[in-house]
Amino acid sequence: MIEYVRGELAELSPATAVIDCNGVGYAANISLNTYSAIQGKKTCKLFIYEAIREDAYVLYGFADKQEREIFLLLISVSGIGGNTARMILSALSPSELVSVISAENANLLKTVKGIGLKTAQRLIVELKDKIKTVGMAAVGGTTSAGMLLQSANAEVQEEAVAALTMLGFAAAPSQKVVLAVLKEEPEAPVEKVIKLALKRL
């Protein structure tokens with residue numbers, strides 16, 4: 001079993017990284033979080049998950065062990081494959097995902113491409129307790145997802161984030177910007193929140 005690969009970063013795109021280890025190039029599927037973490041580096045180390053199927057042998061690479069642990073939890077849920085798990089981890093950082101699941105925010109999970117309401121609810125039910133054992137439940141303390149529940153205008157916030165996601169923005173930065181807008185203007189209607197958020201994204 002491959003635990004990690006370390007070497008020269010030969011090729012990098014938002015979806016894949018090729019690591020040259022002594023002349024052998026290992027291609028790994030990566031999330032946007034990992035892409036951001038290794039972008040611009042000449043050498044890097046990726047923690048690996050090997051998906052061995054009858055028709056394919058696929059490597060998934062992660063910039064840190066936390067993200068890999070979350071990935072393993074995600075693919076343990078029925079109906080969530082490697083690519084869907086990677087999509088979730090591209091939309092939300094591991095700490096944000098822990099917060100969203102702990103807060104049982106199915107509507108935000110649903111904004112991830114390929115995740116419907118039923119899948120989002122199943123993720124929450126199956127992972128709510130397990131995800132705390134990853135040791136990340138305390139990450140960020142009152143993170144944006146913690147603020148979600150305290151927010152009286154949660155509906156406006158959810159609608160704004162959903163709209164921004166449909167426009168092609170990632171859920172995580174959209175959520176942060178929308179929360180910042182609502183903090184400054186708690187009474188703003190959803191249209192105004194979206195307009196102000198667009199100026200900041």
# chains A, B, ... in the order shown; residues from 1 in each chain; ligands from 1

$ closest_atom_pairs --of "segment 38-94 of chain A" --to "segment 155-170 of chain A" --cutoff "8 Å" --atoms "only C-alpha atoms" --output "JSON lines"
{"residue": "A:Ser90", "atom": "CA", "partner": "A:Ala170", "partner_atom": "CA", "distance": 7.9}
{"residue": "A:Ala91", "atom": "CA", "partner": "A:Ala170", "partner_atom": "CA", "distance": 5.3}
{"residue": "A:Leu92", "atom": "CA", "partner": "A:Ala170", "partner_atom": "CA", "distance": 7.9}

$ residues_around --residues "Cys21 of chain A" --least-positions-apart "3" --cutoff "7 Å" --atoms "only C-alpha atoms" --output "PyMOL selection string"
chain A and resi 6-8+24-25

$ residues_around --residues "Lys110 of chain A" --least-positions-apart "3" --cutoff "12 Å" --atoms "only C-alpha atoms" --output "PyMOL selection string"
chain A and resi 87-88+91-92+100-101+104-107+113-124+158-159+161-162+165-166+171

$ select_by_dssp --residues "segment 6-190 of chain A" --states "alpha helix (DSSP H)" --output "PyMOL selection string"
chain A and resi 32-38+65-75+82-91+94-102+106-109+117-127+144-150+154-166+171-184+190

$ atom_distance --atom1 "atom CA of Ala56 of chain A" --atom2 "atom CA of Tyr26 of chain A"
14.5 Å

$ residues_around --residues "Leu32 of chain A" --least-positions-apart "5" --cutoff "12 Å" --atoms "only C-alpha atoms" --output "list in words"
Leu12, Ser13, Pro14, Ala15, Thr16, Ala17, Ala37, Ile38, Gln39, Gly61, Phe62, Ala63, Glu67, Ala85, Arg86, Met87, Ile88, Leu89, Ser90, Ala91, Leu92, Ser93, Pro94, Ala170 and Ala172 of chain A

$ write_last_selection --atoms "C-alpha atoms" --output "PDB file, in the first residue's frame"
ATOM      1  CA  LEU A  12      -0.334  20.257 -11.918  1.00  0.00           C
ATOM      2  CA  SER A  13      -3.935  21.074 -12.792  1.00  0.00           C
ATOM      3  CA  PRO A  14      -6.868  21.822 -10.471  1.00  0.00           C
ATOM      4  CA  ALA A  15      -7.885  18.149 -10.757  1.00  0.00           C
ATOM      5  CA  THR A  16      -4.614  16.197 -10.984  1.00  0.00           C
ATOM      6  CA  ALA A  17      -1.004  16.293  -9.873  1.00  0.00           C
ATOM      7  CA  ALA A  37      -1.800  23.964  -0.962  1.00  0.00           C
ATOM      8  CA  ILE A  38       0.790  22.712  -3.475  1.00  0.00           C
ATOM      9  CA  GLN A  39       0.421  25.286  -6.249  1.00  0.00           C
ATOM     10  CA  GLY A  61      -3.632  12.596  -3.378  1.00  0.00           C
ATOM     11  CA  PHE A  62      -4.033  14.868  -0.357  1.00  0.00           C
ATOM     12  CA  ALA A  63      -1.858  17.670   0.975  1.00  0.00           C
ATOM     13  CA  GLU A  67      -8.165  15.725   4.282  1.00  0.00           C
ATOM     14  CA  ALA A  85     -15.932  12.931  -2.350  1.00  0.00           C
ATOM     15  CA  ARG A  86     -13.282  14.937  -4.196  1.00  0.00           C
ATOM     16  CA  MET A  87     -15.984  17.333  -5.448  1.00  0.00           C
ATOM     17  CA  ILE A  88     -17.192  17.869  -1.863  1.00  0.00           C
ATOM     18  CA  LEU A  89     -13.634  18.531  -0.686  1.00  0.00           C
ATOM     19  CA  SER A  90     -13.161  20.981  -3.556  1.00  0.00           C
ATOM     20  CA  ALA A  91     -16.226  22.980  -2.506  1.00  0.00           C
ATOM     21  CA  LEU A  92     -15.502  22.943   1.235  1.00  0.00           C
ATOM     22  CA  SER A  93     -12.287  22.745   3.227  1.00  0.00           C
ATOM     23  CA  PRO A  94     -12.055  19.814   5.685  1.00  0.00           C
ATOM     24  CA  ALA A 170     -17.303  27.610  -4.940  1.00  0.00           C
ATOM     25  CA  ALA A 172     -16.909  27.793   0.739  1.00  0.00           C
TER      26      ALA A 172
END

$ closest_residue --among "A:Asp55, A:Glu50, A:Glu11, A:Asp20" --to "Tyr35 of chain A" --atoms "only C-alpha atoms"
A:Glu11

$ residues_around --residues "Ile75 of chain A" --least-positions-apart "2" --cutoff "12 Å" --atoms "only C-alpha atoms" --output "MDAnalysis selection string"
chainID A and resid 49 51 68:73 77:89 123 126:127

$ write_last_selection --atoms "N, CA, C and O atoms" --output "tab-separated table (two decimals), in the first residue's frame"
chain	number	residue	atom	x	y	z
A	49	TYR	N	-4.50	7.75	-1.31
A	49	TYR	CA	-5.51	6.70	-1.16
A	49	TYR	C	-5.56	5.96	-2.49
A	49	TYR	O	-5.68	6.59	-3.54
A	51	ALA	N	-7.47	3.55	-5.00
A	51	ALA	CA	-8.77	2.95	-5.35
A	51	ALA	C	-8.51	1.89	-6.42
A	51	ALA	O	-8.22	2.21	-7.57
A	68	ARG	N	-7.33	13.46	3.90
A	68	ARG	CA	-7.48	12.05	3.51
A	68	ARG	C	-8.46	11.32	4.44
A	68	ARG	O	-9.28	10.53	3.98
A	69	GLU	N	-8.38	11.61	5.74
A	69	GLU	CA	-9.29	10.96	6.69
A	69	GLU	C	-10.75	11.32	6.40
A	69	GLU	O	-11.63	10.48	6.44
A	70	ILE	N	-10.97	12.61	6.10
A	70	ILE	CA	-12.33	13.05	5.75
A	70	ILE	C	-12.79	12.36	4.47
A	70	ILE	O	-13.93	11.92	4.36
A	71	PHE	N	-11.89	12.26	3.49
A	71	PHE	CA	-12.20	11.60	2.21
A	71	PHE	C	-12.63	10.15	2.47
A	71	PHE	O	-13.63	9.68	1.91
A	72	LEU	N	-11.89	9.45	3.32
A	72	LEU	CA	-12.21	8.04	3.63
A	72	LEU	C	-13.58	7.93	4.30
A	72	LEU	O	-14.34	7.00	4.03
A	73	LEU	N	-13.91	8.89	5.15
A	73	LEU	CA	-15.23	8.89	5.77
A	73	LEU	C	-16.32	9.12	4.72
A	73	LEU	O	-17.35	8.47	4.74
A	77	VAL	N	-19.77	6.31	2.90
A	77	VAL	CA	-21.21	6.52	2.81
A	77	VAL	C	-21.71	5.96	1.48
A	77	VAL	O	-21.14	6.22	0.43
A	78	SER	N	-22.78	5.18	1.55
A	78	SER	CA	-23.36	4.57	0.36
A	78	SER	C	-23.73	5.64	-0.68
A	78	SER	O	-24.35	6.64	-0.34
A	79	GLY	N	-23.30	5.43	-1.91
A	79	GLY	CA	-23.62	6.38	-2.98
A	79	GLY	C	-22.58	7.46	-3.19
A	79	GLY	O	-22.68	8.26	-4.12
A	80	ILE	N	-21.55	7.51	-2.33
A	80	ILE	CA	-20.48	8.51	-2.49
A	80	ILE	C	-19.22	7.80	-2.97
A	80	ILE	O	-18.63	6.99	-2.25
A	81	GLY	N	-18.83	8.10	-4.20
A	81	GLY	CA	-17.60	7.53	-4.76
A	81	GLY	C	-16.45	8.51	-4.62
A	81	GLY	O	-16.62	9.61	-4.09
A	82	GLY	N	-15.30	8.09	-5.12
A	82	GLY	CA	-14.11	8.92	-5.01
A	82	GLY	C	-14.26	10.29	-5.64
A	82	GLY	O	-13.86	11.30	-5.06
A	83	ASN	N	-14.87	10.34	-6.83
A	83	ASN	CA	-14.98	11.63	-7.53
A	83	ASN	C	-15.96	12.58	-6.83
A	83	ASN	O	-15.73	13.78	-6.77
A	84	THR	N	-17.04	12.00	-6.29
A	84	THR	CA	-18.00	12.84	-5.56
A	84	THR	C	-17.37	13.37	-4.28
A	84	THR	O	-17.52	14.54	-3.93
A	85	ALA	N	-16.62	12.50	-3.58
A	85	ALA	CA	-15.93	12.93	-2.35
A	85	ALA	C	-14.94	14.05	-2.67
A	85	ALA	O	-14.82	15.03	-1.92
A	86	ARG	N	-14.25	13.91	-3.79
A	86	ARG	CA	-13.28	14.94	-4.20
A	86	ARG	C	-14.00	16.25	-4.52
A	86	ARG	O	-13.51	17.33	-4.21
A	87	MET	N	-15.19	16.15	-5.13
A	87	MET	CA	-15.98	17.33	-5.45
A	87	MET	C	-16.40	18.06	-4.17
A	87	MET	O	-16.32	19.29	-4.07
A	88	ILE	N	-16.79	17.28	-3.14
A	88	ILE	CA	-17.19	17.87	-1.86
A	88	ILE	C	-16.00	18.59	-1.24
A	88	ILE	O	-16.11	19.71	-0.74
A	89	LEU	N	-14.83	17.94	-1.29
A	89	LEU	CA	-13.63	18.53	-0.69
A	89	LEU	C	-13.06	19.67	-1.53
A	89	LEU	O	-12.18	20.40	-1.08
A	123	LEU	N	-25.38	11.74	4.32
A	123	LEU	CA	-24.03	12.11	4.76
A	123	LEU	C	-24.04	12.58	6.21
A	123	LEU	O	-23.20	12.17	7.02
A	126	GLU	N	-24.96	9.64	8.71
A	126	GLU	CA	-23.92	8.62	8.85
A	126	GLU	C	-22.60	9.16	9.40
A	126	GLU	O	-21.84	8.43	10.02
A	127	LEU	N	-22.33	10.45	9.17
A	127	LEU	CA	-21.01	10.98	9.55
A	127	LEU	C	-21.00	11.91	10.76
A	127	LEU	O	-19.94	12.25	11.26

$ select_by_dssp --residues "chain A" --states "strand (DSSP E or B)" --output "number ranges by chain"
A: 4-12, 16-21, 24-29, 43-52, 57-62

$ closest_residue --among "A:Leu74, A:Leu59, A:Ala27, A:Ile131" --to "Ser99 of chain A" --atoms "only C-alpha atoms"
A:Ile131
